[in-house]
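With compact mmCIF, C-alpha atoms and all ligand atoms inside, this is upload31.txt:
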```txt
# COMPACT_ATOMS: atom_id res chain seq x y z
CA MET A 1 0.00 0.00 0.00
CA ARG A 2 1.79 3.12 -1.22
CA LEU A 3 -0.46 5.58 0.67
CA LYS A 4 -1.28 3.63 3.83
CA ASN A 5 -2.45 5.94 6.64
CA LYS A 6 -2.29 8.99 4.34
CA SER A 7 -5.13 11.43 3.94
CA ALA A 8 -5.86 13.59 0.93
CA ILE A 9 -8.05 16.44 -0.25
CA ILE A 10 -8.84 16.37 -3.97
CA THR A 11 -10.66 19.37 -5.44
CA GLY A 12 -12.91 18.72 -8.39
CA GLY A 13 -12.66 15.13 -7.19
CA ALA A 14 -16.00 13.81 -8.44
CA THR A 15 -15.13 13.75 -12.15
CA GLY A 16 -12.34 13.23 -14.69
CA ILE A 17 -8.75 13.49 -13.48
CA GLY A 18 -9.84 14.15 -9.89
CA LEU A 19 -11.98 11.01 -9.68
CA ALA A 20 -9.30 8.84 -11.33
CA THR A 21 -6.83 10.19 -8.76
CA ALA A 22 -9.23 9.42 -5.91
CA ARG A 23 -9.59 5.84 -7.20
CA ALA A 24 -5.79 5.43 -7.35
CA PHE A 25 -5.32 6.91 -3.86
CA CYS A 26 -8.04 4.77 -2.23
CA LYS A 27 -6.67 1.63 -3.89
CA GLU A 28 -3.31 2.36 -2.25
CA GLY A 29 -4.79 2.81 1.23
CA ALA A 30 -5.47 6.55 1.49
CA LYS A 31 -8.51 8.28 2.91
CA VAL A 32 -9.81 11.02 0.62
CA VAL A 33 -12.09 14.03 0.86
CA LEU A 34 -13.55 15.08 -2.48
CA PHE A 35 -14.52 18.73 -2.86
CA GLY A 36 -16.82 20.01 -5.59
CA ARG A 37 -20.01 21.84 -6.42
CA ARG A 38 -22.34 19.09 -7.67
CA LYS A 39 -23.85 16.96 -4.91
CA GLU A 40 -25.11 14.10 -7.13
CA LYS A 41 -21.67 13.62 -8.74
CA LEU A 42 -19.98 13.71 -5.33
CA GLU A 43 -22.44 11.20 -3.86
CA LYS A 44 -21.96 8.86 -6.82
CA ALA A 45 -18.16 9.06 -6.55
CA VAL A 46 -18.12 8.41 -2.79
CA LYS A 47 -20.50 5.47 -3.19
CA GLU A 48 -18.09 3.95 -5.73
CA LEU A 49 -14.98 4.64 -3.65
CA GLY A 50 -16.34 3.17 -0.40
CA ASP A 51 -15.62 3.74 3.27
CA SER A 52 -12.37 5.65 2.84
CA ALA A 53 -13.99 8.47 0.87
CA TYR A 54 -15.97 11.51 2.05
CA PHE A 55 -17.19 14.58 0.24
CA VAL A 56 -17.66 18.23 1.03
CA GLN A 57 -19.89 20.21 -1.28
CA GLY A 58 -18.75 23.72 -2.08
CA ASP A 59 -17.35 26.23 -4.52
CA MET A 60 -13.62 26.90 -4.84
CA THR A 61 -14.28 30.62 -5.09
CA SER A 62 -16.05 30.81 -1.70
CA ASN A 63 -13.69 31.28 1.26
CA GLY A 64 -16.48 30.12 3.57
CA ASP A 65 -16.75 26.84 1.63
CA LEU A 66 -12.96 26.39 1.81
CA ASP A 67 -13.06 26.90 5.60
CA LYS A 68 -15.81 24.27 5.79
CA LEU A 69 -13.66 21.91 3.68
CA ILE A 70 -10.68 22.25 6.03
CA ASN A 71 -12.82 21.78 9.16
CA GLU A 72 -14.59 18.69 7.81
CA ALA A 73 -11.38 17.22 6.38
CA LEU A 74 -9.63 17.57 9.74
CA HIS A 75 -12.64 16.06 11.49
CA ASN A 76 -12.82 13.03 9.16
CA LEU A 77 -9.13 12.51 8.34
CA LYS A 78 -7.27 13.73 11.44
CA GLY A 79 -4.69 15.44 9.26
CA ILE A 80 -3.98 16.42 5.66
CA ASP A 81 -0.98 14.71 4.05
CA ILE A 82 -1.83 15.38 0.40
CA LEU A 83 -3.59 18.25 -1.35
CA VAL A 84 -4.46 17.85 -5.02
CA ASN A 85 -5.41 21.23 -6.45
CA ASN A 86 -7.29 19.82 -9.43
CA ALA A 87 -10.51 21.83 -9.91
CA GLY A 88 -10.22 24.09 -12.91
CA LEU A 89 -11.95 25.99 -15.68
CA PHE A 90 -11.14 25.86 -19.39
CA ASN A 91 -12.57 28.06 -22.09
CA GLY A 92 -11.34 30.23 -24.90
CA SER A 93 -11.88 33.21 -27.16
CA PRO A 94 -9.64 35.64 -29.04
CA LEU A 95 -7.55 37.61 -26.54
CA HIS A 96 -8.90 41.02 -27.60
CA GLU A 97 -12.48 39.81 -27.04
CA ILE A 98 -12.01 38.44 -23.51
CA THR A 99 -14.31 40.35 -21.15
CA ASP A 100 -13.26 41.49 -17.69
CA SER A 101 -15.63 38.99 -16.11
CA GLN A 102 -14.32 36.09 -18.25
CA TRP A 103 -10.73 36.99 -17.30
CA ASP A 104 -11.62 37.34 -13.61
CA GLU A 105 -13.54 34.06 -13.51
CA MET A 106 -10.58 32.17 -15.01
CA MET A 107 -8.13 33.70 -12.52
CA ASP A 108 -10.53 33.19 -9.60
CA ILE A 109 -10.97 29.47 -10.21
CA ASN A 110 -7.58 28.47 -11.64
CA ILE A 111 -5.21 30.47 -9.42
CA ARG A 112 -6.80 32.68 -6.73
CA SER A 113 -8.84 29.88 -5.18
CA VAL A 114 -5.80 27.57 -5.30
CA PHE A 115 -3.94 30.18 -3.26
CA GLN A 116 -6.90 30.49 -0.86
CA LEU A 117 -7.11 26.73 -0.26
CA THR A 118 -3.36 26.15 -0.10
CA ARG A 119 -2.83 28.93 2.46
CA ARG A 120 -5.40 27.15 4.66
CA VAL A 121 -3.76 23.73 4.28
CA LEU A 122 -0.14 24.86 4.79
CA PRO A 123 -0.40 25.51 8.58
CA VAL A 124 -1.80 21.98 9.03
CA MET A 125 1.09 20.50 7.04
CA MET A 126 3.63 22.73 8.83
CA ALA A 127 2.41 21.43 12.21
CA GLN A 128 2.65 17.83 10.92
CA LYS A 129 6.08 18.52 9.37
CA ARG A 130 5.01 16.72 6.21
CA GLY A 131 2.88 17.21 3.14
CA SER A 132 2.65 16.82 -0.61
CA ILE A 133 0.86 19.44 -2.69
CA ILE A 134 0.08 18.51 -6.29
CA ASN A 135 -1.12 21.22 -8.62
CA ILE A 136 -2.89 20.11 -11.77
CA SER A 137 -1.70 22.65 -14.30
CA SER A 138 -1.54 22.09 -18.09
CA ILE A 139 0.82 21.89 -21.03
CA LEU A 140 -0.73 25.33 -21.72
CA GLY A 141 1.04 26.57 -18.62
CA ILE A 142 4.32 25.72 -20.38
CA VAL A 143 3.60 26.63 -24.00
CA ALA A 144 1.01 29.08 -25.29
CA VAL A 145 -1.54 28.31 -27.99
CA PRO A 146 -3.91 30.84 -29.57
CA GLN A 147 -7.46 31.62 -28.36
CA VAL A 148 -6.93 30.55 -24.72
CA ALA A 149 -4.81 33.40 -23.33
CA ALA A 150 -6.52 33.55 -19.92
CA TYR A 151 -6.11 29.80 -19.45
CA ASN A 152 -2.46 29.95 -20.61
CA VAL A 153 -1.75 32.70 -18.06
CA SER A 154 -3.64 31.03 -15.18
CA LYS A 155 -1.81 27.73 -15.60
CA GLY A 156 1.58 29.44 -16.08
CA ALA A 157 0.94 31.26 -12.79
CA LEU A 158 -0.01 27.96 -11.14
CA ASN A 159 3.36 26.44 -12.11
CA GLN A 160 5.17 29.38 -10.52
CA PHE A 161 2.89 29.23 -7.45
CA SER A 162 3.83 25.56 -7.12
CA ARG A 163 7.56 26.38 -7.22
CA SER A 164 7.06 29.19 -4.70
CA ILE A 165 5.57 26.73 -2.20
CA ALA A 166 8.45 24.32 -2.82
CA VAL A 167 11.17 26.84 -1.98
CA GLU A 168 9.36 28.40 0.98
CA TYR A 169 8.04 25.27 2.71
CA GLY A 170 10.72 22.68 1.90
CA PRO A 171 12.17 23.19 5.41
CA TYR A 172 8.85 21.90 6.80
CA ASN A 173 9.14 18.73 4.70
CA ILE A 174 6.32 19.99 2.50
CA ARG A 175 6.75 19.23 -1.20
CA SER A 176 4.93 20.96 -4.04
CA ASN A 177 4.86 19.85 -7.66
CA SER A 178 2.89 20.65 -10.80
CA ILE A 179 1.59 18.14 -13.29
CA CYS A 180 0.96 19.46 -16.79
CA PRO A 181 -1.46 17.17 -18.63
CA GLY A 182 -1.76 17.15 -22.40
CA LEU A 183 -5.20 16.59 -23.91
CA ILE A 184 -7.07 14.15 -21.65
CA GLU A 185 -10.44 12.51 -22.30
CA THR A 186 -12.73 14.07 -19.67
CA ASP A 187 -15.95 16.11 -19.46
CA MET A 188 -13.81 19.22 -20.00
CA THR A 189 -12.72 18.07 -23.46
CA ALA A 190 -15.74 15.94 -24.47
CA ASP A 191 -17.15 18.50 -26.93
CA LEU A 192 -13.75 19.20 -28.50
CA MET A 193 -13.14 15.49 -28.92
CA LYS A 194 -16.31 15.07 -30.98
CA ASP A 195 -14.60 17.04 -33.76
CA ALA A 196 -12.86 14.19 -35.61
CA SER A 197 -10.96 16.32 -38.10
CA LEU A 198 -9.66 18.64 -35.35
CA MET A 199 -8.55 15.62 -33.32
CA LYS A 200 -6.79 14.15 -36.35
CA GLU A 201 -4.90 17.44 -36.76
CA TRP A 202 -4.07 17.75 -33.02
CA SER A 203 -2.94 14.13 -32.74
CA LYS A 204 0.05 15.03 -34.93
CA ASP A 205 1.41 16.96 -31.92
CA TYR A 206 1.47 13.80 -29.76
CA PRO A 207 4.55 11.67 -30.65
CA ILE A 208 3.22 8.78 -28.55
CA GLY A 209 0.27 8.54 -30.94
CA ARG A 210 -2.69 9.02 -28.60
CA PHE A 211 -4.33 11.50 -26.29
CA GLY A 212 -4.31 10.92 -22.54
CA LYS A 213 -6.68 9.21 -20.14
CA PRO A 214 -7.46 10.40 -16.59
CA GLU A 215 -5.53 7.38 -15.26
CA ASP A 216 -2.34 8.65 -16.94
CA ILE A 217 -2.52 11.73 -14.71
CA ALA A 218 -3.72 9.80 -11.65
CA ASN A 219 -0.59 7.62 -11.85
CA GLY A 220 1.56 10.76 -11.78
CA CYS A 221 -0.38 12.07 -8.78
CA LEU A 222 0.10 8.76 -6.99
CA TYR A 223 3.85 8.93 -7.49
CA LEU A 224 4.08 12.56 -6.32
CA ALA A 225 1.86 11.80 -3.30
CA SER A 226 3.90 8.77 -2.21
CA GLU A 227 7.25 8.52 -0.44
CA GLU A 228 8.79 7.26 -3.71
CA SER A 229 9.04 10.92 -4.75
CA SER A 230 10.36 12.23 -1.41
CA PHE A 231 13.28 14.09 -3.11
CA ILE A 232 11.09 15.69 -5.79
CA THR A 233 9.80 19.21 -5.16
CA GLY A 234 9.38 22.27 -7.34
CA ALA A 235 9.05 20.07 -10.41
CA VAL A 236 6.82 20.87 -13.36
CA LEU A 237 6.04 17.50 -14.87
CA PRO A 238 4.44 17.24 -18.31
CA ILE A 239 2.33 14.10 -18.75
CA ASP A 240 1.56 14.74 -22.37
CA GLY A 241 2.66 11.95 -24.71
CA GLY A 242 5.60 14.13 -25.78
CA PHE A 243 3.60 17.27 -26.75
CA THR A 244 6.03 19.65 -25.04
CA ALA A 245 9.11 17.77 -26.24
CA HIS A 246 8.97 19.58 -29.61
N1 LIG A 301 -8.84 17.36 -19.75
C1 LIG A 301 -7.75 17.93 -20.24
O1 LIG A 301 -7.41 17.81 -21.43
C2 LIG A 301 -6.85 18.75 -19.33
C3 LIG A 301 -5.61 19.14 -19.84
C4 LIG A 301 -4.77 19.90 -19.04
C5 LIG A 301 -5.16 20.25 -17.76
N2 LIG A 301 -6.38 19.86 -17.30
C6 LIG A 301 -6.74 20.27 -15.95
O2 LIG A 301 -7.15 19.16 -15.21
C7 LIG A 301 -8.03 19.58 -14.16
C8 LIG A 301 -9.22 18.63 -14.09
O3 LIG A 301 -9.98 18.73 -15.29
P1 LIG A 301 -10.68 17.49 -16.00
O4 LIG A 301 -10.10 17.37 -17.33
O5 LIG A 301 -10.67 16.32 -15.11
O6 LIG A 301 -12.17 18.03 -16.25
P2 LIG A 301 -13.46 17.95 -15.35
O7 LIG A 301 -14.41 18.93 -15.94
O8 LIG A 301 -13.92 16.55 -15.18
O9 LIG A 301 -12.93 18.45 -13.93
C9 LIG A 301 -12.91 19.78 -13.49
C10 LIG A 301 -13.53 19.77 -12.11
O10 LIG A 301 -13.36 21.05 -11.50
C11 LIG A 301 -14.56 21.35 -10.85
N3 LIG A 301 -14.69 22.79 -10.66
C12 LIG A 301 -14.61 23.76 -11.59
N4 LIG A 301 -14.84 24.95 -11.03
C13 LIG A 301 -15.06 24.74 -9.71
C14 LIG A 301 -15.39 25.58 -8.61
N5 LIG A 301 -15.53 26.90 -8.76
N6 LIG A 301 -15.54 25.00 -7.41
C15 LIG A 301 -15.44 23.67 -7.23
N7 LIG A 301 -15.14 22.82 -8.24
C16 LIG A 301 -14.97 23.36 -9.47
C17 LIG A 301 -15.64 20.82 -11.80
O11 LIG A 301 -16.89 20.70 -11.19
C18 LIG A 301 -15.03 19.47 -12.18
O12 LIG A 301 -15.37 18.47 -11.25
C19 LIG A 301 -8.37 21.03 -14.46
O13 LIG A 301 -7.62 21.88 -13.61
C20 LIG A 301 -7.93 21.21 -15.90
O14 LIG A 301 -7.58 22.54 -16.19
C21 LIG A 301 -7.24 19.11 -18.06
```

Take the structure I supplied and represent it as structure tokens, if you would.
Ligand SMILES: NC(=O)c1ccc[n+]([C@@H]2O[C@H](COP(=O)([O-])OP(=O)(O)OC[C@H]3O[C@@H](n4cnc5c(N)ncnc54)[C@H](O)[C@@H]3O)[C@@H](O)[C@H]2O)c1
Amino acid sequence: MRLKNKSAIITGGATGIGLATARAFCKEGAKVVLFGRRKEKLEKAVKELGDSAYFVQGDMTSNGDLDKLINEALHNLKGIDILVNNAGLFNGSPLHEITDSQWDEMMDINIRSVFQLTRRVLPVMMAQKRGSIINISSILGIVAVPQVAAYNVSKGALNQFSRSIAVEYGPYNIRSNSICPGLIETDMTADLMKDASLMKEWSKDYPIGRFGKPEDIANGCLYLASEESSFITGAVLPIDGGFTAH
């Protein structure tokens, strides 16, 4: 059991990459708290995961909901060893047409709320003298592509936020790493993936010859959560079939 006696918070944990990560963590002995907005999805996920999973319903952009998450997680888990900052928003439009509210919403969900949750978890991890923070960024936090400027910026900021935690909290035995997924088959990309000709064009950018599955990212999270990665912090890890290699 690679995560025996470990406890984790996973935001956006009821779907896609978050749910696959919860499955991988529970299988390896962890207790998990899933955080998200949609009660039915959370209930379904917890039912599947069994006794070691709990959920807290709430919105990442509400500080009150984040306080509730921390209180309930500490009550159910007796500590927080792993934080997976996974919840995120993706959308696009030409840069000069992005409205103030679209820009603000992207920054609120993808970076500001990550800061708000992480600043609440850090004192718990500091007191424990251990912790692993995993930030689900994107290949678009490493390279830029057109029409998604706000997303590019939010995920680039998340990578730098992740490094900032690593350098500041390493002395407390708290590690922080980013994972940068390439295109992964989830609800977020379901509509895009229906466009066969677009997918044929995009697949040329993936040397490994396929797009990713949520489990590809979950396996990376499992490694970064476990003691096997105890000397890895401040890393920005693409899991992208080679997209960022060229
Ligand atoms: N799917 C991809 O191709 C891909 C690629 C790179 C990065 N990512 C990143 O992976 C992460 C997970 O995405 P996914 O692909 O699993 O899609 P997804 O839509 O299944 O997951 C996103 C989750 O975030 C939650 N969420 C969004 N806003 C929230 C809010 N304000 N409060 C609480 N929860 C909120 C959603 O409800 C959902 O459960 C995201 O951060 C995304 O940017 C995905």

_Gap from atom C17 of ligand LIG 301 (chain A) to atom CA of A:Asn86 - Å, one decimal_ =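 So the answer is 8.7 Å.
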
*Nearby polymer residues, ligand LIG 301 (chain A), at most 6 Å, all atoms listed in the file, as a ChimeraX atom specification*: /A:12-18,36-37,59-61,86-90,109,136-138,181-189

Any chance you could work out the axis-aligned box around stretch 73-85 of chain A, listed atoms only, 4 Å on each side, giving centre and edge lengths in Å to one decimal, as AutoDock Vina command-line options?
```
--center_x -6.9 --center_y 16.9 --center_z 2.5 --size_x 19.8 --size_y 16.7 --size_z 25.9
```

_Nearest residue to A:Thr21 from the set A:Asn110, A:Ser62, A:Ser154, A:Asn85 (distances using only C-alpha atoms)_ =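 Checking each candidate against A:Thr21, we get A:Asn85 as the closest.
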
*How many Å separate atom CA of A:Glu28 from atom CA of A:Lys78?*
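Computing the Euclidean distance for atom CA of A:Glu28 and atom CA of A:Lys78 yields 18.2 Å.
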
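From atom CA of A:Asp240 back to atom CA of A:Asp205, the distance works out to 9.8 Å.
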
Residues of stretch 145-225 of chain A within 12 Å of stretch 114-120 of chain A: nearest atom pair and distance (Å, one decimal) for each, counting only C-alpha atoms, sorted by chain and number, as a tab-separated table?
```
residue	atom	partner	partner_atom	distance
A:Ser154	CA	A:Val114	CA	10.7
A:Lys155	CA	A:Val114	CA	11.0
A:Ala157	CA	A:Val114	CA	10.7
A:Leu158	CA	A:Val114	CA	8.2
A:Asn159	CA	A:Val114	CA	11.5
A:Gln160	CA	A:Phe115	CA	11.7
A:Phe161	CA	A:Phe115	CA	8.1
A:Ser162	CA	A:Phe115	CA	9.8
A:Ser164	CA	A:Phe115	CA	11.1
A:Ile165	CA	A:Thr118	CA	9.2
A:Tyr169	CA	A:Arg119	CA	11.5
A:Ile174	CA	A:Thr118	CA	11.8
A:Ser176	CA	A:Thr118	CA	10.5
```

Could you please take those selected residues and save C-alpha atoms as a short mmCIF file (atom, residue, chain, number, x, y, z; two decimals), in the coordinates of the input?
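Saved the output as result-v8.cif:
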```
data_model
loop_
_atom_site.label_atom_id
_atom_site.label_comp_id
_atom_site.auth_asym_id
_atom_site.auth_seq_id
_atom_site.Cartn_x
_atom_site.Cartn_y
_atom_site.Cartn_z
CA SER A 154 -3.64 31.03 -15.18
CA LYS A 155 -1.81 27.73 -15.60
CA ALA A 157 0.94 31.26 -12.79
CA LEU A 158 -0.01 27.96 -11.14
CA ASN A 159 3.36 26.44 -12.11
CA GLN A 160 5.17 29.38 -10.52
CA PHE A 161 2.89 29.23 -7.45
CA SER A 162 3.83 25.56 -7.12
CA SER A 164 7.06 29.19 -4.70
CA ILE A 165 5.57 26.73 -2.20
CA TYR A 169 8.04 25.27 2.71
CA ILE A 174 6.32 19.99 2.50
CA SER A 176 4.93 20.96 -4.04
#
```

*Quick one: of A:Ala245, A:Ala149, A:Leu192, A:Cys180, who's nearest to A:Pro207, counting only C-alpha atoms?*
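Closest to A:Pro207, using only C-alpha atoms: A:Ala245.
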
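Distance annotation: of A:Leu74, A:Lys194, A:Ala20, A:Ser203, the residue with the minimal separation from A:Glu48 is A:Ala20; atom set is only C-alpha atoms.
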
*Between A:Pro123, A:Gly234, A:Ala53, A:Val153, single out the one closest to A:Ile70, counting only C-alpha atoms.*
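When distances to A:Ile70 are compared using only C-alpha atoms, the smallest one comes from A:Pro123.
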
*Which is closer to A:Val56 than all the others in A:Phe25, A:Phe243, A:Arg210, A:Thr11, using all atoms listed in the file?*
A:Thr11

*May I have the residues at most 9 Å from (3.6, 19.2, 3.8) in the file's coordinates, counting all atoms listed in the file, as a PyMOL selection string?*
chain A and resi 80-83+121-133+169-170+172-176

*asked:* So that I can see what lies close to A:Glu97, please list as JSON, numbers by chain the residues with an atom at most 10 Å from it, counting all atoms listed in the file and leaving out residues fewer than 5 positions away in the same chain.
replied: {"A": [92, 102, 147]}

Keeping only C-alpha atoms, write the selected residues to a file as a compact mmCIF listing (two decimals), in the frame of the given file.
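File produced: result27.txt:
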```
# COMPACT_ATOMS: atom_id res chain seq x y z
CA GLY A 92 -11.34 30.23 -24.90
CA GLN A 102 -14.32 36.09 -18.25
CA GLN A 147 -7.46 31.62 -28.36
```

*Which of these, A:Leu42, A:Leu198, A:Leu3, A:Val145, has the shortest distance to A:Lys27 once you count all atoms listed in the file?*
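Of A:Leu42, A:Leu198, A:Leu3, A:Val145, the one nearest A:Lys27 is A:Leu3, counting all atoms listed in the file.
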
Starting from the incomplete input, reconstruct N, CA and C atoms of stretch 69-99 of chain A and write that as a compact mmCIF listing (two decimals), in the coordinates of the input.
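File selection19.txt, as written:
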```txt
# COMPACT_ATOMS: atom_id res chain seq x y z
N LEU A 69 -14.43 23.06 4.18
CA LEU A 69 -13.66 21.91 3.68
C LEU A 69 -12.55 21.54 4.66
N ILE A 70 -11.80 22.54 5.11
CA ILE A 70 -10.68 22.25 6.03
C ILE A 70 -11.21 21.66 7.33
N ASN A 71 -12.27 22.27 7.88
CA ASN A 71 -12.82 21.78 9.16
C ASN A 71 -13.30 20.34 9.04
N GLU A 72 -14.04 20.06 7.96
CA GLU A 72 -14.59 18.69 7.81
C GLU A 72 -13.49 17.69 7.48
N ALA A 73 -12.49 18.13 6.72
CA ALA A 73 -11.38 17.22 6.38
C ALA A 73 -10.62 16.86 7.65
N LEU A 74 -10.37 17.85 8.50
CA LEU A 74 -9.63 17.57 9.74
C LEU A 74 -10.45 16.68 10.67
N HIS A 75 -11.76 16.88 10.65
CA HIS A 75 -12.64 16.06 11.49
C HIS A 75 -12.63 14.60 11.01
N ASN A 76 -12.72 14.40 9.70
CA ASN A 76 -12.82 13.03 9.16
C ASN A 76 -11.47 12.34 9.00
N LEU A 77 -10.42 13.11 8.71
CA LEU A 77 -9.13 12.51 8.34
C LEU A 77 -8.07 12.61 9.42
N LYS A 78 -8.26 13.51 10.37
CA LYS A 78 -7.27 13.73 11.44
C LYS A 78 -5.92 14.23 10.92
N GLY A 79 -5.93 14.91 9.82
CA GLY A 79 -4.69 15.44 9.26
C GLY A 79 -4.86 15.59 7.76
N ILE A 80 -3.94 16.31 7.13
CA ILE A 80 -3.98 16.42 5.66
C ILE A 80 -2.56 16.19 5.15
N ASP A 81 -2.32 15.02 4.56
CA ASP A 81 -0.98 14.71 4.05
C ASP A 81 -0.80 15.15 2.61
N ILE A 82 -1.91 15.15 1.85
CA ILE A 82 -1.83 15.38 0.40
C ILE A 82 -2.94 16.34 0.00
N LEU A 83 -2.59 17.35 -0.75
CA LEU A 83 -3.59 18.25 -1.35
C LEU A 83 -3.43 18.20 -2.86
N VAL A 84 -4.49 17.81 -3.55
CA VAL A 84 -4.46 17.85 -5.02
C VAL A 84 -5.34 19.00 -5.48
N ASN A 85 -4.70 20.07 -5.92
CA ASN A 85 -5.41 21.23 -6.45
C ASN A 85 -5.75 20.93 -7.91
N ASN A 86 -6.93 20.34 -8.11
CA ASN A 86 -7.29 19.82 -9.43
C ASN A 86 -8.42 20.59 -10.10
N ALA A 87 -9.35 21.14 -9.30
CA ALA A 87 -10.51 21.83 -9.91
C ALA A 87 -10.01 22.92 -10.84
N GLY A 88 -10.67 23.06 -11.97
CA GLY A 88 -10.22 24.09 -12.91
C GLY A 88 -11.27 24.39 -13.95
N LEU A 89 -11.05 25.52 -14.62
CA LEU A 89 -11.95 25.99 -15.68
C LEU A 89 -11.15 26.13 -16.97
N PHE A 90 -11.77 25.69 -18.07
CA PHE A 90 -11.14 25.86 -19.39
C PHE A 90 -12.15 26.48 -20.33
N ASN A 91 -11.78 27.57 -20.96
CA ASN A 91 -12.57 28.06 -22.09
C ASN A 91 -11.69 29.00 -22.91
N GLY A 92 -12.20 29.42 -24.04
CA GLY A 92 -11.34 30.23 -24.90
C GLY A 92 -12.11 31.22 -25.75
N SER A 93 -11.40 32.26 -26.15
CA SER A 93 -11.88 33.21 -27.16
C SER A 93 -10.69 34.07 -27.53
N PRO A 94 -10.77 34.79 -28.66
CA PRO A 94 -9.64 35.64 -29.04
C PRO A 94 -9.30 36.62 -27.91
N LEU A 95 -8.01 36.81 -27.68
CA LEU A 95 -7.55 37.61 -26.54
C LEU A 95 -8.23 38.99 -26.47
N HIS A 96 -8.36 39.65 -27.63
CA HIS A 96 -8.90 41.02 -27.60
C HIS A 96 -10.40 41.05 -27.33
N GLU A 97 -11.03 39.88 -27.32
CA GLU A 97 -12.48 39.81 -27.04
C GLU A 97 -12.79 39.32 -25.63
N ILE A 98 -11.76 38.94 -24.88
CA ILE A 98 -12.01 38.44 -23.51
C ILE A 98 -12.57 39.58 -22.66
N THR A 99 -13.71 39.31 -22.01
CA THR A 99 -14.31 40.35 -21.15
C THR A 99 -13.63 40.34 -19.77
```
